[in-house]
Amino acid sequence: MINAQDIKIGTAIRMDGKLYFCIDFLHVKPGKGNTFMRTKLKDVVDGYVLERRFNIGEKLEDVRVERRPYQYLYQEGDDYLFMNQETFDQIPIPKEQITGVAFLTEGMVIDVVSDASTDTVLYGELPVKVQGKIVYTEPGLKGDTATNTLKPATLECGAEVKVPLFINEGEVIEVDTRDGSYVGRVKA
């Protein structure tokens, strides 16, 4: 059990039979009344965000989570098979439980977060930024750097992202896996 004032970003708590991760918090001390914590909690299973207020001193059930590196092997139906880097155990993870799944490539190492008490997999998380080679996009024209216009481009992994007009086929770019946005060009 932890106190409400101990909640930080990344803290996992069990509430109403569900598991939540804190994605934002604010310690509020109003001029009148008691101090409280205003939090944004993300449901691990459904992914929806819940805003919740806790009074200071309120006891919450914390969950100990473990992050381990797993290597992506292959896809089997809607499940993706991963191998533990230390024990070589293989586990399937459903597509819905992997963040940034569109940018997953064979052999990529991701973090798998699991509940330490029950050893159940909660979700798989790709690195925030990944690199990918562009296999198809419309050709860019010289001087197309002045405007902030974007065009579609297809990466090796099959994901489609919006890139600036000056990006061409064969170039390697960096992409944010959380929202699929273009970050920058990778220098060779």
# chains A, B, ... in the order shown; residues from 1 in each chain; ligands from 1
call {"tool": "closest_atom_pairs", "arguments": {"of": "range 99-168 of chain A", "to": "range 172-178 of chain A", "cutoff": "12 Å", "atoms": "only C-alpha atoms", "output": "JSON lines"}}
result
{"residue": "A:Thr99", "atom": "CA", "partner": "A:Arg178", "partner_atom": "CA", "distance": 7.0}
{"residue": "A:Gly100", "atom": "CA", "partner": "A:Thr177", "partner_atom": "CA", "distance": 4.9}
{"residue": "A:Val101", "atom": "CA", "partner": "A:Thr177", "partner_atom": "CA", "distance": 8.2}
{"residue": "A:Ala102", "atom": "CA", "partner": "A:Thr177", "partner_atom": "CA", "distance": 8.2}
{"residue": "A:Phe103", "atom": "CA", "partner": "A:Thr177", "partner_atom": "CA", "distance": 6.8}
{"residue": "A:Leu104", "atom": "CA", "partner": "A:Thr177", "partner_atom": "CA", "distance": 9.4}
{"residue": "A:Ile110", "atom": "CA", "partner": "A:Thr177", "partner_atom": "CA", "distance": 11.9}
{"residue": "A:Glu125", "atom": "CA", "partner": "A:Thr177", "partner_atom": "CA", "distance": 9.3}
{"residue": "A:Leu126", "atom": "CA", "partner": "A:Thr177", "partner_atom": "CA", "distance": 7.0}
{"residue": "A:Pro127", "atom": "CA", "partner": "A:Thr177", "partner_atom": "CA", "distance": 7.2}
{"residue": "A:Val128", "atom": "CA", "partner": "A:Thr177", "partner_atom": "CA", "distance": 5.4}
{"residue": "A:Lys129", "atom": "CA", "partner": "A:Asp176", "partner_atom": "CA", "distance": 4.7}
{"residue": "A:Val130", "atom": "CA", "partner": "A:Val175", "partner_atom": "CA", "distance": 5.5}
{"residue": "A:Gln131", "atom": "CA", "partner": "A:Glu174", "partner_atom": "CA", "distance": 4.4}
{"residue": "A:Gly132", "atom": "CA", "partner": "A:Val172", "partner_atom": "CA", "distance": 5.5}
{"residue": "A:Lys133", "atom": "CA", "partner": "A:Val172", "partner_atom": "CA", "distance": 4.3}
{"residue": "A:Ile134", "atom": "CA", "partner": "A:Val172", "partner_atom": "CA", "distance": 6.3}
{"residue": "A:Val135", "atom": "CA", "partner": "A:Val172", "partner_atom": "CA", "distance": 9.6}
{"residue": "A:Tyr136", "atom": "CA", "partner": "A:Val172", "partner_atom": "CA", "distance": 11.8}
{"residue": "A:Ala153", "atom": "CA", "partner": "A:Ile173", "partner_atom": "CA", "distance": 10.5}
{"residue": "A:Thr154", "atom": "CA", "partner": "A:Ile173", "partner_atom": "CA", "distance": 11.1}
{"residue": "A:Leu155", "atom": "CA", "partner": "A:Val172", "partner_atom": "CA", "distance": 9.0}
{"residue": "A:Glu156", "atom": "CA", "partner": "A:Val172", "partner_atom": "CA", "distance": 10.0}
{"residue": "A:Ala159", "atom": "CA", "partner": "A:Val175", "partner_atom": "CA", "distance": 10.4}
{"residue": "A:Glu160", "atom": "CA", "partner": "A:Val175", "partner_atom": "CA", "distance": 10.6}
{"residue": "A:Val161", "atom": "CA", "partner": "A:Val175", "partner_atom": "CA", "distance": 8.2}
{"residue": "A:Lys162", "atom": "CA", "partner": "A:Val175", "partner_atom": "CA", "distance": 9.8}
{"residue": "A:Val163", "atom": "CA", "partner": "A:Ile173", "partner_atom": "CA", "distance": 9.0}
{"residue": "A:Pro164", "atom": "CA", "partner": "A:Ile173", "partner_atom": "CA", "distance": 10.9}
{"residue": "A:Ile167", "atom": "CA", "partner": "A:Ile173", "partner_atom": "CA", "distance": 8.8}
{"residue": "A:Asn168", "atom": "CA", "partner": "A:Val172", "partner_atom": "CA", "distance": 9.3}
call {"tool": "select_by_dssp", "arguments": {"residues": "range 69-147 of chain A", "states": "strand (DSSP E or B)", "output": "MDAnalysis selection string"}}
result
chainID A and resid 69:76 79:84 90:94 98:99 109:115 121:125 129:137
call {"tool": "residues_around", "arguments": {"residues": "Val49 in chain A", "least_positions_apart": "5", "cutoff": "9 Å", "atoms": "only C-alpha atoms", "output": "PyMOL selection string"}}
result
chain A and resi 23+40-43
call {"tool": "atom_distance", "arguments": {"atom1": "CA of Glu171 in chain A", "atom2": "CA of Leu150 in chain A"}}
result
15.7 Å
call {"tool": "atom_distance", "arguments": {"atom1": "CA of Arg68 in chain A", "atom2": "CA of Glu51 in chain A"}}
result
28.6 Å
call {"tool": "residues_around", "arguments": {"residues": "Ile2 in chain A", "least_positions_apart": "5", "cutoff": "7 Å", "atoms": "only C-alpha atoms", "output": "PyMOL selection string"}}
result
chain A and resi 59-62
call {"tool": "write_last_selection", "arguments": {"atoms": "N, CA, C and O atoms", "output": "PDB file, in the first residue's frame"}}
result
ATOM      1  N   LYS A  59      -4.949   5.658   1.244  1.00  0.00           N
ATOM      2  CA  LYS A  59      -4.136   4.473   0.944  1.00  0.00           C
ATOM      3  C   LYS A  59      -4.570   3.871  -0.393  1.00  0.00           C
ATOM      4  O   LYS A  59      -5.758   3.715  -0.653  1.00  0.00           O
ATOM      5  N   LEU A  60      -3.582   3.539  -1.226  1.00  0.00           N
ATOM      6  CA  LEU A  60      -3.833   2.934  -2.529  1.00  0.00           C
ATOM      7  C   LEU A  60      -3.033   1.648  -2.647  1.00  0.00           C
ATOM      8  O   LEU A  60      -1.930   1.536  -2.099  1.00  0.00           O
ATOM      9  N   GLU A  61      -3.581   0.689  -3.398  1.00  0.00           N
ATOM     10  CA  GLU A  61      -2.883  -0.579  -3.610  1.00  0.00           C
ATOM     11  C   GLU A  61      -1.921  -0.428  -4.783  1.00  0.00           C
ATOM     12  O   GLU A  61      -2.336  -0.239  -5.925  1.00  0.00           O
ATOM     13  N   ASP A  62      -0.625  -0.466  -4.481  1.00  0.00           N
ATOM     14  CA  ASP A  62       0.362  -0.340  -5.550  1.00  0.00           C
ATOM     15  C   ASP A  62       0.695  -1.712  -6.128  1.00  0.00           C
ATOM     16  O   ASP A  62       0.521  -2.736  -5.474  1.00  0.00           O
TER      17      ASP A  62
END
